[in-house]
$ cat upload.cif   # mmCIF, C-alpha atoms
data_model
#
loop_
_atom_site.label_atom_id
_atom_site.label_comp_id
_atom_site.auth_asym_id
_atom_site.auth_seq_id
_atom_site.Cartn_x
_atom_site.Cartn_y
_atom_site.Cartn_z
CA MET A 1 123.53 119.53 79.67
CA SER A 2 125.84 122.43 78.92
CA GLY A 3 127.82 123.74 81.87
CA ALA A 4 126.37 121.11 84.16
CA ARG A 5 128.31 119.03 86.66
CA GLU A 6 127.49 116.02 88.78
CA ARG A 7 127.33 115.99 92.54
CA ARG A 8 126.60 113.23 95.04
CA THR A 9 123.58 113.69 97.30
CA ALA A 10 123.50 112.67 100.96
CA SER A 11 122.01 109.35 99.98
CA GLY A 12 124.79 108.58 97.54
CA GLU A 13 123.02 109.32 94.24
CA ARG A 14 124.96 111.06 91.48
CA ARG A 15 122.93 113.83 89.96
CA ALA A 16 123.51 116.50 87.37
CA GLN A 17 123.28 120.07 88.63
CA GLY A 18 123.18 123.41 86.88
CA SER A 19 126.35 125.47 87.01
CA ALA A 20 124.61 128.11 89.15
CA GLN A 21 124.70 125.82 92.22
CA LEU A 22 127.81 125.74 94.33
CA PRO A 23 129.42 122.33 95.03
CA LYS A 24 128.89 121.02 98.56
CA THR A 25 131.91 120.97 100.85
CA PRO A 26 132.63 117.72 102.78
CA THR A 27 131.47 119.46 105.98
CA SER A 28 128.13 120.53 104.51
CA ARG A 29 127.60 117.07 102.95
CA SER A 30 128.25 115.48 106.34
CA TYR A 31 125.83 117.94 107.99
CA ILE A 32 123.12 117.22 105.39
CA LYS A 33 123.60 113.47 105.86
CA ARG A 34 123.28 113.88 109.64
CA VAL A 35 120.07 115.89 109.18
CA GLY A 36 118.69 113.19 106.85
CA THR A 37 119.59 110.43 109.31
CA THR A 38 118.04 112.34 112.22
CA PHE A 39 114.77 112.83 110.33
CA LEU A 40 114.82 109.16 109.31
CA LEU A 41 115.26 108.00 112.92
CA LEU A 42 112.71 110.45 114.29
CA SER A 43 110.07 109.69 111.66
CA VAL A 44 110.34 105.93 111.93
CA PHE A 45 110.53 105.99 115.76
CA LEU A 46 107.46 108.23 116.16
CA ALA A 47 105.40 106.41 113.52
CA CYS A 48 106.23 103.05 115.05
CA ALA A 49 105.57 104.29 118.58
CA VAL A 50 102.02 105.50 117.79
CA GLU A 51 101.16 102.28 115.95
CA ALA A 52 102.66 100.21 118.77
CA VAL A 53 100.51 102.08 121.31
CA GLU A 54 97.37 101.07 119.37
CA ALA A 55 98.50 97.44 119.00
CA LEU A 56 99.38 97.33 122.71
CA THR A 57 95.86 98.49 123.63
CA ILE A 58 94.35 95.57 121.68
CA VAL A 59 96.77 92.97 123.07
CA LEU A 60 96.38 94.21 126.66
CA ALA A 61 92.57 94.12 126.42
CA VAL A 62 92.71 90.54 125.12
CA GLY A 63 95.50 89.29 127.38
CA LEU A 64 94.19 90.74 130.64
CA THR A 65 90.62 89.61 129.91
CA ARG A 66 91.06 86.16 128.36
CA GLY A 67 94.57 85.07 129.41
CA TRP A 68 98.01 85.66 127.99
CA ARG A 69 98.88 82.33 126.34
CA SER A 70 96.73 82.64 123.20
CA ALA A 71 97.13 86.43 123.07
CA LEU A 72 100.93 86.11 123.02
CA GLN A 73 100.72 83.31 120.45
CA GLY A 74 98.79 85.75 118.25
CA VAL A 75 101.44 88.43 118.82
CA ALA A 76 104.24 86.00 117.91
CA ALA A 77 102.44 84.83 114.75
CA GLY A 78 101.80 88.45 113.73
CA LEU A 79 105.45 89.42 114.28
CA LEU A 80 106.58 86.41 112.22
CA LEU A 81 104.35 87.46 109.32
CA LEU A 82 105.65 91.05 109.51
CA ALA A 83 109.26 89.80 109.60
CA ALA A 84 108.53 87.75 106.45
CA VAL A 85 107.05 90.82 104.71
CA VAL A 86 110.12 92.89 105.61
CA ALA A 87 112.51 90.08 104.58
CA VAL A 88 110.84 89.78 101.14
CA LEU A 89 110.16 93.46 100.38
CA GLY A 90 113.37 94.92 101.89
CA PRO A 91 115.85 93.37 99.42
CA ALA A 92 113.38 93.87 96.55
CA LEU A 93 113.22 97.62 97.24
CA THR A 94 117.01 98.01 97.41
CA VAL A 95 117.55 96.65 93.87
CA LEU A 96 115.30 99.30 92.31
CA PRO A 97 117.09 102.27 90.68
CA LEU A 98 117.04 105.19 93.15
CA LYS A 99 114.99 107.44 90.86
CA THR A 100 112.30 104.78 90.34
CA LEU A 101 112.30 103.96 94.05
CA ARG A 102 111.82 107.61 94.99
CA LEU A 103 109.02 108.08 92.46
CA VAL A 104 107.10 105.00 93.65
CA VAL A 105 107.80 105.45 97.35
CA GLY A 106 107.23 109.21 97.18
CA GLY A 107 103.84 108.65 95.56
CA LEU A 108 102.86 105.98 98.07
CA LEU A 109 104.06 108.06 101.04
CA LEU A 110 102.08 111.02 99.75
CA THR A 111 98.79 109.12 99.45
CA PHE A 112 99.49 107.46 102.79
CA GLY A 113 100.72 110.65 104.49
CA LEU A 114 97.82 112.78 103.25
CA GLN A 115 95.37 110.24 104.73
CA TRP A 116 97.13 110.59 108.10
CA LEU A 117 97.31 114.37 107.73
CA ARG A 118 93.59 114.72 106.88
CA LYS A 119 92.62 112.68 109.96
CA ALA A 120 95.11 114.56 112.17
CA ILE A 121 93.82 117.97 111.00
CA LEU A 122 90.18 116.90 111.44
CA ARG A 123 90.98 115.67 114.97
CA ALA A 124 92.94 118.82 115.90
CA SER A 125 90.14 121.08 114.63
CA GLY A 126 87.36 119.16 116.39
CA TYR A 127 85.72 117.61 113.31
CA LYS A 128 86.74 114.11 114.33
CA ASP A 129 86.91 112.59 117.80
CA LEU A 130 90.38 112.39 119.33
CA ARG A 131 91.79 108.88 119.64
CA ASP A 132 91.27 107.77 123.25
CA GLU A 133 93.29 104.69 124.25
CA ALA A 134 91.38 104.25 127.54
CA ALA A 135 88.03 104.16 125.69
CA ALA A 136 89.45 101.85 122.98
CA TYR A 137 90.71 99.56 125.75
CA GLN A 138 87.30 99.46 127.43
CA ARG A 139 85.61 98.60 124.12
CA GLY A 140 88.17 95.82 123.59
CA VAL A 141 87.61 94.43 127.09
CA ALA A 142 83.82 94.46 126.67
CA ALA A 143 84.06 92.61 123.33
CA ALA A 144 86.58 90.12 124.73
CA GLN A 145 84.35 89.33 127.73
CA GLU A 146 81.35 88.58 125.52
CA ALA A 147 83.05 86.38 122.90
CA ALA A 148 82.91 82.60 123.33
CA ALA A 149 86.10 80.54 123.61
CA ASP A 150 86.87 78.33 120.61
CA LYS A 151 89.75 75.83 120.84
CA LYS A 152 91.89 74.98 117.80
CA PRO A 153 95.01 72.82 117.42
CA LEU A 154 97.92 74.52 119.30
CA VAL A 155 95.65 77.47 120.27
CA ASP A 156 93.47 77.31 123.40
CA ASP A 157 91.49 80.49 122.69
CA TRP A 158 91.04 81.22 118.97
CA TYR A 159 89.32 84.59 119.64
CA ALA A 160 92.25 85.88 121.72
CA PHE A 161 94.73 84.56 119.15
CA THR A 162 93.06 86.12 116.09
CA LEU A 163 92.37 89.47 117.77
CA SER A 164 96.01 89.83 118.89
CA PHE A 165 97.25 88.59 115.51
CA LYS A 166 95.10 91.08 113.58
CA GLY A 167 96.03 93.93 115.92
CA VAL A 168 99.75 93.30 115.49
CA VAL A 169 99.59 92.72 111.71
CA LEU A 170 97.31 95.64 110.83
CA GLU A 171 99.17 98.17 112.98
CA GLY A 172 102.54 96.57 112.20
CA LEU A 173 102.04 96.66 108.45
CA GLU A 174 102.01 100.45 108.56
CA VAL A 175 105.16 100.35 110.68
CA ALA A 176 106.87 97.94 108.27
CA PHE A 177 105.85 100.07 105.28
CA ILE A 178 107.18 103.28 106.83
CA ALA A 179 110.44 101.70 108.04
CA LEU A 180 111.09 99.99 104.69
CA THR A 181 110.37 103.01 102.50
CA PHE A 182 112.32 105.44 104.66
CA GLY A 183 115.18 102.99 105.11
CA ALA A 184 115.39 102.10 101.40
CA ASN A 185 115.41 105.75 100.35
CA GLN A 186 118.17 106.63 102.79
CA HIS A 187 120.04 103.41 101.91
CA ASP A 188 119.85 102.40 105.56
CA ILE A 189 117.14 99.80 106.14
CA PRO A 190 119.00 98.39 109.22
CA LEU A 191 118.94 101.84 110.88
CA ALA A 192 115.23 102.24 110.11
CA ALA A 193 114.55 98.74 111.45
CA LEU A 194 116.53 99.59 114.59
CA ALA A 195 114.42 102.72 115.16
CA ALA A 196 111.23 100.67 114.63
CA VAL A 197 112.29 97.93 117.06
CA ALA A 198 113.40 100.53 119.64
CA ALA A 199 109.99 102.22 119.46
CA VAL A 200 108.08 98.95 119.81
CA LEU A 201 110.26 97.82 122.74
CA THR A 202 109.87 101.19 124.49
CA VAL A 203 106.07 101.06 124.17
CA CYS A 204 105.91 97.39 125.24
CA ALA A 205 108.15 98.04 128.27
CA ALA A 206 105.90 100.94 129.32
CA GLY A 207 102.78 98.80 128.82
CA VAL A 208 104.18 95.90 130.84
CA ALA A 209 105.27 98.29 133.60
CA ILE A 210 101.86 99.89 134.08
CA LYS A 211 99.70 96.97 132.83
CA ALA A 212 97.27 99.44 131.25
CA PRO A 213 96.82 101.20 127.91
CA LEU A 214 99.16 104.12 127.40
CA ALA A 215 96.40 106.71 127.62
CA ARG A 216 98.78 109.50 128.67
CA VAL A 217 100.92 109.28 125.55
CA PRO A 218 100.14 112.41 123.46
CA GLU A 219 99.07 110.12 120.63
CA ASN A 220 97.10 112.66 118.59
CA THR A 221 99.99 115.14 118.64
CA LEU A 222 102.44 112.40 117.65
CA LYS A 223 100.17 111.35 114.78
CA PHE A 224 100.04 114.96 113.59
CA ALA A 225 103.86 115.13 113.60
CA VAL A 226 104.19 111.78 111.80
CA ALA A 227 101.62 112.83 109.18
CA VAL A 228 103.63 116.01 108.48
CA MET A 229 106.82 113.96 108.10
CA LEU A 230 105.24 111.34 105.82
CA THR A 231 103.76 114.06 103.59
CA GLY A 232 107.00 116.09 103.61
CA PHE A 233 109.23 113.13 102.75
CA GLY A 234 106.70 111.94 100.14
CA THR A 235 106.73 115.37 98.48
CA PHE A 236 110.52 115.58 98.54
CA TRP A 237 111.24 112.09 97.21
CA GLY A 238 108.28 112.06 94.80
CA ALA A 239 109.46 115.27 93.11
CA GLU A 240 113.06 113.98 92.90
CA GLY A 241 111.83 110.69 91.46
CA ALA A 242 109.82 112.61 88.84
CA GLY A 243 113.00 114.39 87.75
CA ALA A 244 112.81 117.68 89.69
CA ASP A 245 115.87 119.21 91.35
CA TRP A 246 115.26 120.92 94.69
CA PRO A 247 117.11 124.20 95.22
CA GLY A 248 120.13 123.25 97.33
CA GLY A 249 119.48 119.51 96.91
CA ASP A 250 118.99 117.47 100.09
CA ALA A 251 119.49 120.59 102.24
CA PHE A 252 116.01 121.71 101.12
CA LEU A 253 114.26 118.84 102.94
CA PRO A 254 113.76 120.78 106.24
CA ALA A 255 112.17 123.61 104.24
CA VAL A 256 109.70 121.16 102.66
CA LEU A 257 108.84 119.72 106.09
CA ALA A 258 108.40 123.24 107.49
CA TYR A 259 106.10 124.13 104.57
CA VAL A 260 103.90 121.05 105.14
CA LEU A 261 103.75 121.85 108.88
CA LEU A 262 102.75 125.44 108.10
CA VAL A 263 100.00 124.30 105.70
CA ALA A 264 98.71 121.75 108.25
CA VAL A 265 98.66 124.24 111.13
CA GLY A 266 96.98 126.77 108.85
CA ALA A 267 94.32 124.23 107.90
CA VAL A 268 93.62 123.52 111.59
CA TRP A 269 93.27 127.26 112.23
CA VAL A 270 90.87 127.76 109.30
CA LEU A 271 88.73 124.73 110.23
CA LYS A 272 88.55 125.76 113.89
CA ARG A 273 87.31 129.22 112.85
CA ARG A 274 84.71 127.69 110.49
CA ARG A 275 83.54 125.35 113.22
CA ALA A 276 83.25 128.21 115.70
CA ALA A 277 81.35 130.29 113.10
CA TRP A 278 78.85 127.48 112.53
CA ALA A 279 78.41 126.93 116.25
CA SER A 280 77.62 130.60 116.96
CA MET B 1 87.03 84.76 94.99
CA GLY B 2 85.60 86.33 98.15
CA LYS B 3 88.97 86.14 99.90
CA LEU B 4 90.76 87.55 96.84
CA LYS B 5 88.31 90.46 96.77
CA ALA B 6 88.78 91.04 100.49
CA PHE B 7 92.58 90.97 100.01
CA GLY B 8 92.30 93.52 97.19
CA LEU B 9 89.97 95.73 99.20
CA PHE B 10 92.35 95.62 102.17
CA TRP B 11 95.27 96.90 100.08
CA TYR B 12 93.07 99.49 98.34
CA ASP B 13 91.96 100.79 101.74
CA PHE B 14 95.53 100.61 103.10
CA VAL B 15 97.08 102.68 100.29
CA ILE B 16 94.25 104.78 98.82
CA GLY B 17 92.05 105.16 101.90
CA ASP B 18 88.59 106.67 101.83
CA ASP B 19 89.27 109.50 99.37
CA PRO B 20 90.53 108.32 95.96
CA LEU B 21 90.66 111.96 94.76
CA VAL B 22 93.93 112.37 96.69
CA ALA B 23 95.56 109.43 94.87
CA VAL B 24 94.36 110.73 91.49
CA LEU B 25 95.75 114.23 92.19
CA ILE B 26 99.09 112.82 93.40
CA ILE B 27 99.52 110.67 90.28
CA ALA B 28 98.61 113.68 88.11
CA ALA B 29 101.07 115.87 90.04
CA LEU B 30 103.93 113.36 89.68
CA ALA B 31 103.20 112.99 85.96
CA GLY B 32 103.04 116.79 85.63
CA THR B 33 106.36 117.19 87.47
CA ALA B 34 107.97 114.56 85.23
CA GLY B 35 106.63 116.33 82.14
CA LEU B 36 107.74 119.76 83.36
CA SER B 37 111.19 118.40 84.27
CA THR B 38 111.87 117.57 80.62
CA HIS B 39 111.49 121.28 79.75
CA THR B 40 112.92 123.08 82.79
CA THR B 41 115.02 122.31 85.87
CA ALA B 42 112.70 124.50 87.98
CA SER B 43 109.89 121.96 88.24
CA TRP B 44 110.16 121.30 92.00
CA TRP B 45 107.39 123.75 92.95
CA LEU B 46 104.57 121.85 91.23
CA LEU B 47 104.27 118.94 93.67
CA PRO B 48 104.02 121.08 96.87
CA VAL B 49 101.34 123.20 95.17
CA ILE B 50 99.25 120.16 94.14
CA VAL B 51 99.78 118.51 97.56
CA THR B 52 98.40 121.67 99.20
CA LEU B 53 95.41 121.68 96.83
CA ALA B 54 94.83 117.93 97.37
CA LEU B 55 94.86 118.43 101.14
CA ALA B 56 92.44 121.37 100.87
CA ALA B 57 90.14 119.34 98.59
CA THR B 58 90.08 116.23 100.79
CA LEU B 59 89.51 118.33 103.93
CA ALA B 60 86.65 120.21 102.23
CA ARG B 61 85.06 116.89 101.22
CA ALA B 62 85.46 115.46 104.73
CA VAL B 63 84.04 118.58 106.39
CA GLY B 64 81.20 118.69 103.85
CA LYS B 65 80.31 115.08 104.69
CA LYS B 66 80.31 115.89 108.41
CA LYS B 67 78.12 118.93 107.83
CA GLY B 68 75.79 117.03 105.52
CA GLY B 69 75.69 113.98 107.79
#
$ encode --input "upload.cif" --output "structure tokens"
Amino acid sequence: MSGARERRTASGERRAQGSAQLPKTPTSRSYIKRVGTTFLLLSVFLACAVEAVEALTIVLAVGLTRGWRSALQGVAAGLLLLAAVVAVLGPALTVLPLKTLRLVVGGLLLTFGLQWLRKAILRASGYKDLRDEAAAYQRGVAAAQEAAADKKPLVDDWYAFTLSFKGVVLEGLEVAFIALTFGANQHDIPLAALAAVAAVLTVCAAGVAIKAPLARVPENTLKFAVAVMLTGFGTFWGAEGAGADWPGGDAFLPAVLAYVLLVAVGAVWVLKRRRAAWAS
Amino acid sequence: MGKLKAFGLFWYDFVIGDDPLVAVLIIAALAGTAGLSTHTTASWWLLPVIVTLALAATLARAVGKKKGG
């Protein structure tokens, strides 16, 4: 490329840039890296917190209704499986070339993020019921009270074990996916894992303290924010992986996130108006 | 075979979800961006545009289902 030079992005990748772009100073590179790290921590923490709230509701309903021994065995087995998934996929992701990683992860985050965003927009505009942890807890308690106890080797109550196990694995898989993809892209899986563990511990501590589902957590708002971040990061990394250069490089990420937020808020506004028009 | 199918369905639902149109549009947008990037450096705009259209399309389908249902 004539007149082109290479520069290093916040994540350490060397990339050719047109001569029209100014080189980044060490101060601006450090600032961009801090912004990237902050978004990484915030995204992983919020995503993990909302998933942990849902898993906690299931485990609390089972544990308080049928006893803690089998419920906690299910939690432990679920966490072991998730740790194995992270241990296998984490190193595998880090050996991929950065461009390939960003293309694959960007595409996956986009399909994943747009699912979250569609649900969040439908909830915010009244087309889908808001997630209610208290109601979900009551449904879990009712189901747990009706189910018969079935003893298996090492597990006294198979129903309590499998329900807790499924709750932790299904909610945790999303957490593991988000932490791994964000961490691998920022070359900092340990930091992403730390944010994920901090979120889970915070939610668990709150749940143990009040011994009830965390119904007062603004879960629907948090999900909306996480959906915007997943879609924004997916767009940014997906385009880079496909060979596009963002104006200003990594510094453009906040603009992409702001754009996705604007589109999402606009969609809520339009759908609310349509809903009101149909109702009148 | 039943368990294998259930395993496959789980991952399909996990990644693709209930609207495969979104996944199709995203793959097309990434391929389009890659193709455009070989001709010009200003190819970054394509993905945000298609993401916006994909979101509008999936919301319209979801709202249509609600209205129809």
$ closest_residue --input "upload.cif" --among "A:Leu110, A:Leu56, A:Leu117, A:Leu81" --to "B:Leu30" --atoms "all atoms listed in the file"
A:Leu110
$ resolve_selection --input "upload.cif" --expression "the PyMOL selection byres ((chain A) within 6 of (chain B))" --output "compact mmCIF listing (two decimals) with C-alpha atoms, in the coordinates of the input"
# COMPACT_ATOMS: atom_id res chain seq x y z
CA THR A 111 98.79 109.12 99.45
CA PHE A 112 99.49 107.46 102.79
CA ALA A 242 109.82 112.61 88.84
CA GLY A 243 113.00 114.39 87.75
CA ALA A 244 112.81 117.68 89.69
CA TRP A 246 115.26 120.92 94.69
$ atom_distance --input "upload.cif" --atom1 "atom CA of A:Arg275" --atom2 "atom CA of A:Leu222"
23.3 Å
$ atom_distance --input "upload.cif" --atom1 "atom CA of A:Arg274" --atom2 "atom CA of A:Pro218"
25.3 Å
$ resolve_selection --input "upload.cif" --expression "the PyMOL selection byres ((chain A and resi 42) around 12)" --output "JSON, numbers by chain"
{"A": [35, 36, 37, 38, 39, 40, 41, 43, 44, 45, 46, 47, 48, 49, 178, 179, 182, 191, 192, 194, 195, 196, 198, 199, 222, 225, 226, 229, 230]}
$ atom_distance --input "upload.cif" --atom1 "atom CA of A:Tyr137" --atom2 "atom CA of A:Ala61"
5.8 Å
$ axis_aligned_box --input "upload.cif" --around "stretch 36-43 of chain B" --padding-each-side "3 Å" --output "AutoDock Vina command-line options"
--center_x 111.4 --center_y 121.0 --center_z 84.0 --size_x 13.3 --size_y 12.9 --size_z 14.5
